[in-house]
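Structure file work.cif; described as mmCIF, C-alpha atoms.
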data_model
loop_
_atom_site.label_atom_id
_atom_site.label_comp_id
_atom_site.auth_asym_id
_atom_site.auth_seq_id
_atom_site.Cartn_x
_atom_site.Cartn_y
_atom_site.Cartn_z
CA MET A 1 15.77 13.23 -14.07
CA LYS A 2 14.03 10.31 -12.40
CA LYS A 3 16.10 7.44 -11.01
CA LYS A 4 15.43 4.26 -12.98
CA ILE A 5 14.96 1.14 -10.85
CA LEU A 6 14.55 -2.38 -12.16
CA VAL A 7 12.70 -4.58 -9.66
CA VAL A 8 12.71 -8.33 -10.22
CA VAL A 9 11.31 -11.32 -8.38
CA SER A 10 13.84 -14.11 -8.64
CA GLY A 11 13.94 -17.77 -7.74
CA MET A 12 16.40 -20.48 -8.73
CA THR A 13 17.08 -19.08 -12.20
CA PRO A 14 18.91 -15.76 -11.70
CA GLN A 15 19.38 -15.58 -15.48
CA ILE A 16 16.15 -13.61 -15.72
CA ILE A 17 17.99 -10.62 -14.25
CA THR A 18 20.73 -10.46 -16.90
CA GLU A 19 18.26 -11.40 -19.63
CA THR A 20 15.95 -8.55 -18.58
CA VAL A 21 18.80 -6.02 -18.39
CA PHE A 22 19.95 -7.13 -21.86
CA ALA A 23 16.44 -6.76 -23.30
CA LEU A 24 15.94 -3.36 -21.68
CA ALA A 25 19.28 -2.13 -23.01
CA GLN A 26 18.11 -2.97 -26.53
CA LYS A 27 15.24 -0.55 -25.88
CA GLN A 28 17.61 2.10 -24.51
CA TRP A 29 16.23 1.83 -20.97
CA ILE A 30 19.10 1.12 -18.61
CA PRO A 31 18.43 1.07 -14.87
CA ASN A 32 20.49 3.02 -12.37
CA ARG A 33 19.75 0.39 -9.77
CA ILE A 34 18.43 -3.18 -9.53
CA VAL A 35 16.43 -4.59 -6.63
CA ALA A 36 15.97 -8.39 -6.46
CA LEU A 37 13.20 -9.83 -4.28
CA THR A 38 13.94 -13.45 -3.47
CA THR A 39 14.41 -16.18 -0.86
CA LEU A 40 17.62 -17.33 0.86
CA ALA A 41 18.09 -20.03 -1.77
CA GLY A 42 17.47 -17.53 -4.58
CA ALA A 43 19.90 -15.07 -3.01
CA GLU A 44 22.67 -17.66 -3.02
CA LYS A 45 22.04 -18.32 -6.71
CA ILE A 46 22.30 -14.60 -7.50
CA LYS A 47 25.52 -14.24 -5.52
CA SER A 48 27.19 -17.34 -7.01
CA ARG A 49 26.21 -16.83 -10.64
CA LEU A 50 25.74 -13.08 -11.19
CA LEU A 51 27.84 -11.16 -8.69
CA GLY A 52 31.58 -10.92 -8.20
CA GLU A 53 34.49 -10.25 -10.55
CA ASN A 54 33.62 -13.14 -12.83
CA GLY A 55 29.85 -13.01 -12.38
CA TYR A 56 27.59 -12.89 -15.40
CA PHE A 57 26.22 -9.47 -14.49
CA ARG A 58 29.70 -7.95 -14.65
CA ARG A 59 30.38 -9.83 -17.91
CA LEU A 60 27.19 -8.44 -19.47
CA ARG A 61 28.08 -4.87 -18.53
CA GLN A 62 31.61 -5.17 -19.87
CA GLU A 63 30.69 -6.97 -23.06
CA TYR A 64 27.97 -4.49 -24.02
CA ASP A 65 29.69 -1.45 -22.51
CA LEU A 66 26.75 -0.64 -20.24
CA PRO A 67 27.02 2.25 -17.77
CA ASP A 68 27.35 1.71 -14.05
CA ILE A 69 24.33 -0.09 -12.58
CA HIS A 70 24.13 -0.45 -8.81
CA PHE A 71 23.64 -4.15 -8.13
CA ASP A 72 25.43 -5.98 -5.33
CA GLU A 73 24.65 -8.13 -2.29
CA HIS A 74 22.89 -5.19 -0.63
CA SER A 75 20.49 -5.03 -3.61
CA ILE A 76 19.02 -8.40 -2.65
CA GLU A 77 15.90 -8.22 -0.49
CA ILE A 78 15.16 -11.55 1.18
CA ILE A 79 11.57 -12.46 1.99
CA ARG A 80 10.97 -13.00 5.68
CA ASP A 81 8.25 -14.21 7.99
CA GLU A 82 7.98 -13.92 11.77
CA ASP A 83 10.61 -16.66 12.16
CA GLY A 84 13.20 -15.00 9.93
CA SER A 85 14.44 -15.23 6.33
CA LEU A 86 12.72 -17.84 4.15
CA GLU A 87 14.72 -20.55 2.44
CA ASP A 88 11.80 -21.13 0.06
CA ILE A 89 8.08 -20.42 -0.24
CA ARG A 90 6.18 -23.66 0.23
CA THR A 91 3.43 -23.16 2.81
CA PRO A 92 0.36 -20.91 2.78
CA GLU A 93 1.85 -18.94 5.70
CA GLN A 94 5.10 -18.36 3.80
CA ASN A 95 3.10 -17.36 0.76
CA ASN A 96 1.23 -14.76 2.83
CA ALA A 97 4.50 -13.42 4.23
CA ALA A 98 5.83 -13.04 0.68
CA ALA A 99 2.68 -11.18 -0.36
CA ASP A 100 2.95 -8.75 2.56
CA MET A 101 6.62 -7.94 1.94
CA ILE A 102 6.42 -7.67 -1.85
CA VAL A 103 3.45 -5.30 -1.75
CA ARG A 104 5.12 -3.12 0.88
CA TRP A 105 8.37 -2.97 -1.10
CA ILE A 106 6.55 -1.75 -4.19
CA ARG A 107 4.47 0.69 -2.14
CA ASP A 108 7.63 2.20 -0.65
CA LEU A 109 9.42 2.46 -4.00
CA CYS A 110 6.41 4.13 -5.62
CA ALA A 111 6.20 6.63 -2.76
CA ASP A 112 9.32 8.34 -4.13
CA LYS A 113 8.21 10.72 -6.90
CA ASN A 114 11.75 10.83 -8.27
CA THR A 115 11.79 7.17 -9.29
CA GLU A 116 10.75 5.33 -12.43
CA LEU A 117 10.15 1.62 -11.92
CA HIS A 118 10.36 -1.28 -14.33
CA ILE A 119 8.93 -4.43 -12.76
CA SER A 120 9.83 -7.87 -14.08
CA ILE A 121 7.48 -10.71 -13.19
CA ALA A 122 9.51 -13.38 -15.00
CA GLY A 123 11.22 -15.07 -12.04
CA GLY A 124 10.36 -16.70 -8.74
CA ARG A 125 7.21 -18.56 -7.82
CA LYS A 126 4.12 -17.80 -9.89
CA SER A 127 2.50 -16.26 -6.83
CA MET A 128 5.44 -13.85 -6.45
CA GLY A 129 4.92 -12.62 -10.01
CA PHE A 130 1.24 -12.13 -9.31
CA TYR A 131 1.83 -10.20 -6.10
CA ILE A 132 4.39 -7.83 -7.57
CA GLY A 133 2.15 -7.19 -10.58
CA TYR A 134 -0.85 -6.59 -8.33
CA ALA A 135 1.20 -4.23 -6.17
CA LEU A 136 2.20 -2.19 -9.19
CA SER A 137 -1.44 -1.98 -10.22
CA LEU A 138 -2.25 -0.54 -6.78
CA PHE A 139 0.63 1.88 -6.42
CA GLY A 140 2.11 2.33 -9.90
CA ARG A 141 2.45 5.76 -11.46
CA LYS A 142 2.30 6.88 -15.07
CA GLN A 143 6.06 6.40 -15.52
CA ASP A 144 6.16 2.82 -14.18
CA LYS A 145 6.16 -0.24 -16.44
CA MET A 146 5.89 -4.01 -16.12
CA SER A 147 7.24 -6.76 -18.35
CA HIS A 148 8.09 -10.43 -18.78
CA VAL A 149 11.31 -11.41 -20.52
CA LEU A 150 10.86 -14.04 -23.25
CA VAL A 151 13.78 -16.28 -24.23
CA GLU A 152 13.99 -18.57 -27.25
CA GLU A 153 12.84 -22.04 -26.21
CA ALA A 154 16.22 -23.74 -26.74
CA PHE A 155 17.90 -21.44 -24.21
CA GLU A 156 15.05 -20.85 -21.79
CA THR A 157 16.20 -21.91 -18.28
CA HIS A 158 19.46 -23.28 -19.74
CA PRO A 159 21.90 -23.25 -16.77
CA GLU A 160 24.70 -21.70 -18.86
CA PHE A 161 22.68 -19.10 -20.76
CA PHE A 162 22.53 -15.65 -19.19
CA TYR A 163 22.33 -13.35 -22.25
CA PRO A 164 23.29 -13.53 -25.93
CA PRO A 165 27.07 -12.98 -26.06
CA LYS A 166 28.57 -10.90 -28.86
CA ASN A 167 30.76 -13.77 -30.04
CA GLU A 168 29.80 -17.31 -30.94
CA LEU A 169 29.15 -19.58 -27.98
CA PHE A 170 27.72 -23.02 -28.65
CA LEU A 171 25.66 -24.60 -25.91
CA ASN A 172 24.25 -28.13 -25.80
CA THR A 173 20.45 -27.74 -25.62
CA SER A 174 18.28 -30.64 -24.53
CA LYS A 175 15.90 -30.55 -27.52
CA HIS A 176 17.90 -28.94 -30.31
CA GLY A 177 21.48 -30.11 -29.77
CA MET A 178 24.36 -27.64 -30.09
CA MET A 179 23.16 -24.09 -30.77
CA ASP A 180 24.89 -20.72 -30.96
CA ALA A 181 23.86 -18.64 -27.92
CA SER A 182 24.93 -15.41 -29.63
CA LYS A 183 21.96 -15.80 -32.00
CA ALA A 184 19.44 -16.45 -29.20
CA GLN A 185 16.28 -14.38 -29.28
CA VAL A 186 15.67 -12.48 -26.03
CA MET A 187 12.60 -10.27 -26.12
CA LEU A 188 10.71 -8.10 -23.68
CA ALA A 189 6.93 -8.39 -23.51
CA GLU A 190 5.57 -5.26 -21.90
CA ILE A 191 2.47 -5.98 -19.85
CA PRO A 192 -0.23 -3.29 -19.72
CA PHE A 193 -1.81 -2.83 -16.30
CA VAL A 194 -4.51 -0.69 -14.75
CA ARG A 195 -3.10 2.00 -12.49
CA MET A 196 -5.80 1.87 -9.86
CA GLY A 197 -4.39 4.73 -7.81
CA GLY A 198 -3.49 6.92 -10.76
CA GLY A 199 -2.11 9.46 -8.33
CA LYS A 200 -5.67 10.33 -7.25
CA VAL A 201 -6.36 7.65 -4.66
CA ASP A 202 -3.99 6.56 -1.92
CA TRP A 203 -4.35 2.83 -1.32
CA THR A 204 -2.49 3.18 1.96
CA LEU A 205 -1.31 0.08 3.82
CA THR A 206 -1.44 0.99 7.46
CA GLU A 207 1.10 -0.26 9.98
CA GLY A 208 0.73 -3.99 10.55
CA GLN A 209 -1.87 -4.42 7.82
CA THR A 210 -1.49 -7.64 5.82
CA PHE A 211 -1.87 -8.02 2.08
CA SER A 212 -5.18 -9.87 2.52
CA GLN A 213 -6.53 -7.16 4.80
CA ALA A 214 -5.42 -4.49 2.35
CA VAL A 215 -7.20 -6.26 -0.52
CA MET A 216 -10.37 -6.51 1.55
CA CYS A 217 -10.14 -2.84 2.50
CA ILE A 218 -9.55 -1.77 -1.10
CA GLN A 219 -12.53 -3.83 -2.27
CA GLU A 220 -14.66 -2.02 0.27
CA MET A 221 -13.38 1.30 -1.08
CA LEU A 222 -14.72 0.29 -4.48
CA ASP A 223 -17.99 -0.94 -3.01
CA ASP A 224 -20.50 0.99 -0.91
CA THR A 225 -19.16 0.73 2.63
CA GLN A 226 -21.65 0.30 5.45
CA VAL A 227 -20.93 2.27 8.62
CA VAL A 228 -22.06 0.39 11.73
CA ILE A 229 -21.95 2.32 15.00
CA ASP A 230 -22.07 0.09 18.09
CA VAL A 231 -23.30 2.41 20.84
CA GLU A 232 -22.82 -0.12 23.63
CA LYS A 233 -19.17 -0.92 22.83
CA GLY A 234 -18.22 2.51 21.51
CA HIS A 235 -16.89 0.98 18.28
CA ILE A 236 -17.40 2.13 14.69
CA HIS A 237 -17.16 -0.42 11.86
CA PHE A 238 -16.42 0.69 8.31
CA GLY A 239 -17.06 -2.54 6.45
CA THR A 240 -14.56 -4.95 8.01
CA VAL A 241 -12.41 -2.18 9.50
CA CYS A 242 -13.08 -1.37 13.14
CA VAL A 243 -12.17 1.89 14.90
CA ASP A 244 -12.24 1.17 18.62
CA ASN A 245 -9.93 3.82 20.05
CA LEU A 246 -12.14 6.90 20.16
CA THR A 247 -12.52 8.49 23.57
CA PRO A 248 -16.07 8.53 24.99
CA ARG A 249 -16.39 12.20 24.07
CA GLU A 250 -15.04 11.71 20.54
CA PHE A 251 -17.38 8.75 20.02
CA SER A 252 -20.32 10.86 21.25
CA VAL A 253 -19.45 13.64 18.80
CA TYR A 254 -19.30 11.19 15.88
CA LEU A 255 -22.50 9.46 16.97
CA THR A 256 -24.24 12.84 17.08
CA MET A 257 -23.04 13.74 13.60
CA ALA A 258 -24.23 10.34 12.34
CA GLN A 259 -27.68 10.94 13.84
CA LEU A 260 -27.83 14.33 12.13
CA CYS A 261 -26.77 12.70 8.85
CA ILE A 262 -29.57 10.13 9.13
CA ASP A 263 -31.97 13.04 9.63
CA GLY A 264 -30.56 14.69 6.51
CA ARG A 265 -29.11 17.61 8.46
CA LYS A 266 -25.97 19.68 8.42
CA ILE A 267 -25.33 21.80 11.50
CA LYS A 268 -24.31 25.43 11.38
CA GLN A 269 -21.54 26.88 13.47
CA GLU A 270 -24.06 29.32 14.95
CA GLU A 271 -26.08 26.32 16.16
CA GLU A 272 -23.30 25.23 18.49
CA GLU A 273 -25.54 25.34 21.56
CA GLU A 274 -27.89 22.81 19.96
CA LEU A 275 -24.94 20.65 18.95
CA ALA A 276 -23.50 20.81 22.46
CA ARG A 277 -26.83 19.60 23.89
CA LEU A 278 -27.04 16.77 21.34
CA VAL A 279 -23.50 15.64 22.10
CA TRP A 280 -24.19 15.82 25.83
CA ALA A 281 -27.25 13.59 25.42
CA ASN A 282 -24.97 10.89 23.95
CA TYR A 283 -22.02 11.57 26.24
CA LYS A 284 -23.51 11.87 29.71
CA ASN A 285 -23.97 8.11 30.13
CA ARG A 286 -20.51 7.33 28.74
CA ARG A 287 -18.64 9.46 31.26
CA LYS A 288 -16.50 7.62 33.79
CA LYS A 289 -17.75 9.86 36.55
CA SER A 290 -20.94 8.49 38.01
CA ASP A 291 -22.22 11.76 39.46
CA GLU A 292 -25.19 13.25 37.65
CA ILE A 293 -24.42 16.73 36.36
CA THR A 294 -25.90 19.05 33.78
CA LEU A 295 -24.45 20.03 30.43
CA GLU A 296 -23.61 23.45 31.82
CA LYS A 297 -21.79 21.90 34.80
CA TRP A 298 -19.84 19.54 32.53
CA LEU A 299 -18.63 22.39 30.36
CA GLU A 300 -17.93 24.54 33.41
CA ASP A 301 -15.79 21.78 34.92
CA ASP A 302 -13.83 21.66 31.68
CA GLY A 303 -13.43 25.44 31.71
CA VAL A 304 -15.67 25.90 28.67
CA LYS A 305 -18.64 28.18 28.23
CA LEU A 306 -21.64 26.89 26.32
CA GLY A 307 -21.14 29.47 23.58
CA SER A 308 -17.54 28.35 23.11
CA PHE A 309 -18.31 24.69 22.48
CA PHE A 310 -17.25 24.68 18.83
CA TRP A 311 -13.82 26.15 19.43
CA ALA A 312 -12.93 24.48 22.69
CA ARG A 313 -14.40 21.03 22.20
CA PHE A 314 -15.91 20.24 18.83
CA GLY A 315 -12.88 21.37 16.78
CA GLU A 316 -10.51 19.37 18.98
CA ASP A 317 -12.63 16.22 18.83
CA ARG A 318 -13.17 16.55 15.08
CA SER A 319 -9.41 16.76 14.52
CA ASN A 320 -8.66 13.77 16.78
CA ILE A 321 -11.32 11.65 15.08
CA ALA A 322 -9.81 12.40 11.65
CA LYS A 323 -6.31 11.45 12.87
CA LYS A 324 -7.52 8.14 14.29
CA PHE A 325 -9.45 7.28 11.13
CA ARG A 326 -6.37 7.97 8.98
CA LYS A 327 -4.18 5.83 11.21
CA VAL A 328 -6.47 2.85 10.77
CA MET A 329 -7.63 3.37 7.16
CA GLY A 330 -5.08 5.70 5.58
CA GLU A 331 -6.35 8.38 3.21
CA TYR A 332 -9.44 6.25 2.59
CA GLY A 333 -10.62 7.25 6.05
CA LYS A 334 -11.03 10.89 4.99
CA GLN A 335 -14.41 10.23 3.43
CA PHE A 336 -15.84 9.21 6.82
CA THR A 337 -14.57 12.21 8.78
CA ILE A 338 -16.64 15.23 9.80
CA HIS A 339 -16.52 17.67 6.87
CA ALA A 340 -16.94 21.42 6.83
CA GLU A 341 -18.06 23.81 4.11
CA GLY A 342 -18.23 27.56 3.94
CA LYS A 343 -15.97 30.21 5.45
CA ARG A 344 -17.62 32.25 8.15
CA ASN A 345 -20.70 30.43 9.40
CA LYS A 346 -19.49 26.94 8.49
CA LEU A 347 -21.70 23.92 8.00
CA TYR A 348 -20.52 20.64 9.57
CA TYR A 349 -21.70 17.24 8.36
CA LEU A 350 -20.85 13.63 7.50
CA PRO A 351 -20.58 13.19 3.70
CA LEU A 352 -22.38 9.85 3.79
CA GLU A 353 -25.64 8.48 2.48
CA PRO A 354 -28.07 8.15 5.41
CA SER A 355 -28.88 4.60 4.29
CA SER A 356 -25.22 3.61 4.74
CA ILE A 357 -25.31 4.30 8.51
CA ASN A 358 -26.55 1.70 10.97
CA ILE A 359 -26.66 2.62 14.66
CA GLN A 360 -26.85 -0.49 16.85
CA ASN A 361 -27.41 -1.25 20.55
CA LYS A 362 -28.99 2.09 21.30
CA SER A 363 -29.59 2.67 24.99
#
Using the file provided, produce a representation of the structure as structure tokens.
Amino acid sequence: MKKKILVVVSGMTPQIITETVFALAQKQWIPNRIVALTTLAGAEKIKSRLLGENGYFRRLRQEYDLPDIHFDEHSIEIIRDEDGSLEDIRTPEQNNAAADMIVRWIRDLCADKNTELHISIAGGRKSMGFYIGYALSLFGRKQDKMSHVLVEEAFETHPEFFYPPKNELFLNTSKHGMMDASKAQVMLAEIPFVRMGGGKVDWTLTEGQTFSQAVMCIQEMLDDTQVVIDVEKGHIHFGTVCVDNLTPREFSVYLTMAQLCIDGRKIKQEEEEELARLVWANYKNRRKKSDEITLEKWLEDDGVKLGSFFWARFGEDRSNIAKKFRKVMGEYGKQFTIHAEGKRNKLYYLPLEPSSINIQNKS
């Protein structure tokens, strides 16, 4: 059975947490755990009003005989920037920090196949609700849901209303005078969303990647990405993403495969001597050693025979290139790696449209 997790963004009205739990319980969906994403100020509100022996969360559970739900101070995730925990979100920089953290939290929660998430966008800043909803669209699975809790106008944001109690409780409302909170309408509006990943595409956020960079990268995944190979610098650009850590030999191998792709060619394993000569033509001027040697001498120095190029060099470089692409672009980088087809006499190629490759600064 999947672990049910309620994830909420919360600001200065922690009532949305108890209201959401109440509404979910009416639908027979009770979380095993609650995670609240908030600021320092929001965290203090949650602690002072919801938690503790006399907190409204405990009261709700007892009054409606709800099962154990893990929700304590350790369930509160405080948004941070490079300077530490945020008291509030008021500047563009703080807003960006909130986006980065919220999206990563949802990504991490969705990575666990044994979880079922219910995301509430009712609390916090409007931008927080947008970010958490967007994150669920990117990473959400079939079992995940999103909602907004709706409370009758008279009790909406009322400082003493946290859920409809079982017994009469009259509260003084600003517009409607004294009203019985036990008769308050609390409803859950489920929000449909497009599951962009759908379990088929991994919108991976790589280490250090910001929300804005991730959005740009994802847009490029949906568009036709141009591959720009800068021969002089040894860099490869995939849209706005730059891979600049290939070794000279790895870069030469990829450049060679790109040139073959432009020519509409796939290379056979039995054509390894031709491939070795093509790679050498791109590599010989990139070597750190200044001495002029032949292809045969280069391979001999590396302890490789010309007929063993595929196994001793090409396979190693192909694997390293794929690893470096994945580190920078996640699973999206797979489509730019050197592919192979067949079993015995394999064909090697780049699965790209020739028109999408642009080789610049050729020597």
Check your understanding: When the PyMOL selection byres ((chain A and resi 162-179) around 12) is applied to the file above, which residues end up in the set, as a VMD selection string?
Key -> chain A and resid 13 to 26 46 49 to 50 55 to 65 149 to 161 180 to 187
Output C-alpha atoms for every residue in the selection just made, as a short mmCIF file (atom, residue, chain, number, x, y, z; two decimals), keeping the file's coordinate frame.
data_model
loop_
_atom_site.label_atom_id
_atom_site.label_comp_id
_atom_site.auth_asym_id
_atom_site.auth_seq_id
_atom_site.Cartn_x
_atom_site.Cartn_y
_atom_site.Cartn_z
CA THR A 13 17.08 -19.08 -12.20
CA PRO A 14 18.91 -15.76 -11.70
CA GLN A 15 19.38 -15.58 -15.48
CA ILE A 16 16.15 -13.61 -15.72
CA ILE A 17 17.99 -10.62 -14.25
CA THR A 18 20.73 -10.46 -16.90
CA GLU A 19 18.26 -11.40 -19.63
CA THR A 20 15.95 -8.55 -18.58
CA VAL A 21 18.80 -6.02 -18.39
CA PHE A 22 19.95 -7.13 -21.86
CA ALA A 23 16.44 -6.76 -23.30
CA LEU A 24 15.94 -3.36 -21.68
CA ALA A 25 19.28 -2.13 -23.01
CA GLN A 26 18.11 -2.97 -26.53
CA ILE A 46 22.30 -14.60 -7.50
CA ARG A 49 26.21 -16.83 -10.64
CA LEU A 50 25.74 -13.08 -11.19
CA GLY A 55 29.85 -13.01 -12.38
CA TYR A 56 27.59 -12.89 -15.40
CA PHE A 57 26.22 -9.47 -14.49
CA ARG A 58 29.70 -7.95 -14.65
CA ARG A 59 30.38 -9.83 -17.91
CA LEU A 60 27.19 -8.44 -19.47
CA ARG A 61 28.08 -4.87 -18.53
CA GLN A 62 31.61 -5.17 -19.87
CA GLU A 63 30.69 -6.97 -23.06
CA TYR A 64 27.97 -4.49 -24.02
CA ASP A 65 29.69 -1.45 -22.51
CA VAL A 149 11.31 -11.41 -20.52
CA LEU A 150 10.86 -14.04 -23.25
CA VAL A 151 13.78 -16.28 -24.23
CA GLU A 152 13.99 -18.57 -27.25
CA GLU A 153 12.84 -22.04 -26.21
CA ALA A 154 16.22 -23.74 -26.74
CA PHE A 155 17.90 -21.44 -24.21
CA GLU A 156 15.05 -20.85 -21.79
CA THR A 157 16.20 -21.91 -18.28
CA HIS A 158 19.46 -23.28 -19.74
CA PRO A 159 21.90 -23.25 -16.77
CA GLU A 160 24.70 -21.70 -18.86
CA PHE A 161 22.68 -19.10 -20.76
CA ASP A 180 24.89 -20.72 -30.96
CA ALA A 181 23.86 -18.64 -27.92
CA SER A 182 24.93 -15.41 -29.63
CA LYS A 183 21.96 -15.80 -32.00
CA ALA A 184 19.44 -16.45 -29.20
CA GLN A 185 16.28 -14.38 -29.28
CA VAL A 186 15.67 -12.48 -26.03
CA MET A 187 12.60 -10.27 -26.12
#
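The two atoms in question, CA of Ala97 in chain A and CA of Val328 in chain A, are spaced 20.7 Å apart.
With distances restricted to only C-alpha atoms, A:Thr247 is the closest residue to Arg318 in chain A from A:Thr247, A:Leu260, A:His74, A:Lys47.
Selection result for the displayed file, with the PyMOL selection byres ((chain A and resi 268) around 10) as criterion, is A:Arg265, A:Lys266, A:Ile267, A:Gln269, A:Glu270, A:Glu271, A:Glu272, A:Glu274, A:Leu275, A:Ala340, A:Glu341, A:Gly342, A:Asn345, A:Lys346, A:Leu347, A:Tyr348, A:Tyr349.
Picture a line from CA of Ala322 in chain A to CA of Val279 in chain A; it runs 17.5 Å.
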Check your understanding: Counting all atoms listed in the file, which of A:Thr91, A:Thr38, A:Ser252, A:Gln226 gets nearest to Ile132 in chain A?
Key -> A:Thr38
Review point. Using the chain letters and numbers from the file, which residues does the PyMOL selection byres ((chain A and resi 128) around 12) grab, as a ChimeraX atom specification?
Key: /A:8-11,36-39,79,88-90,94-103,119-127,129-135
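Computed from the coordinates, the CA of Tyr254 in chain A to CA of Thr337 in chain A distance equals 8.6 Å.
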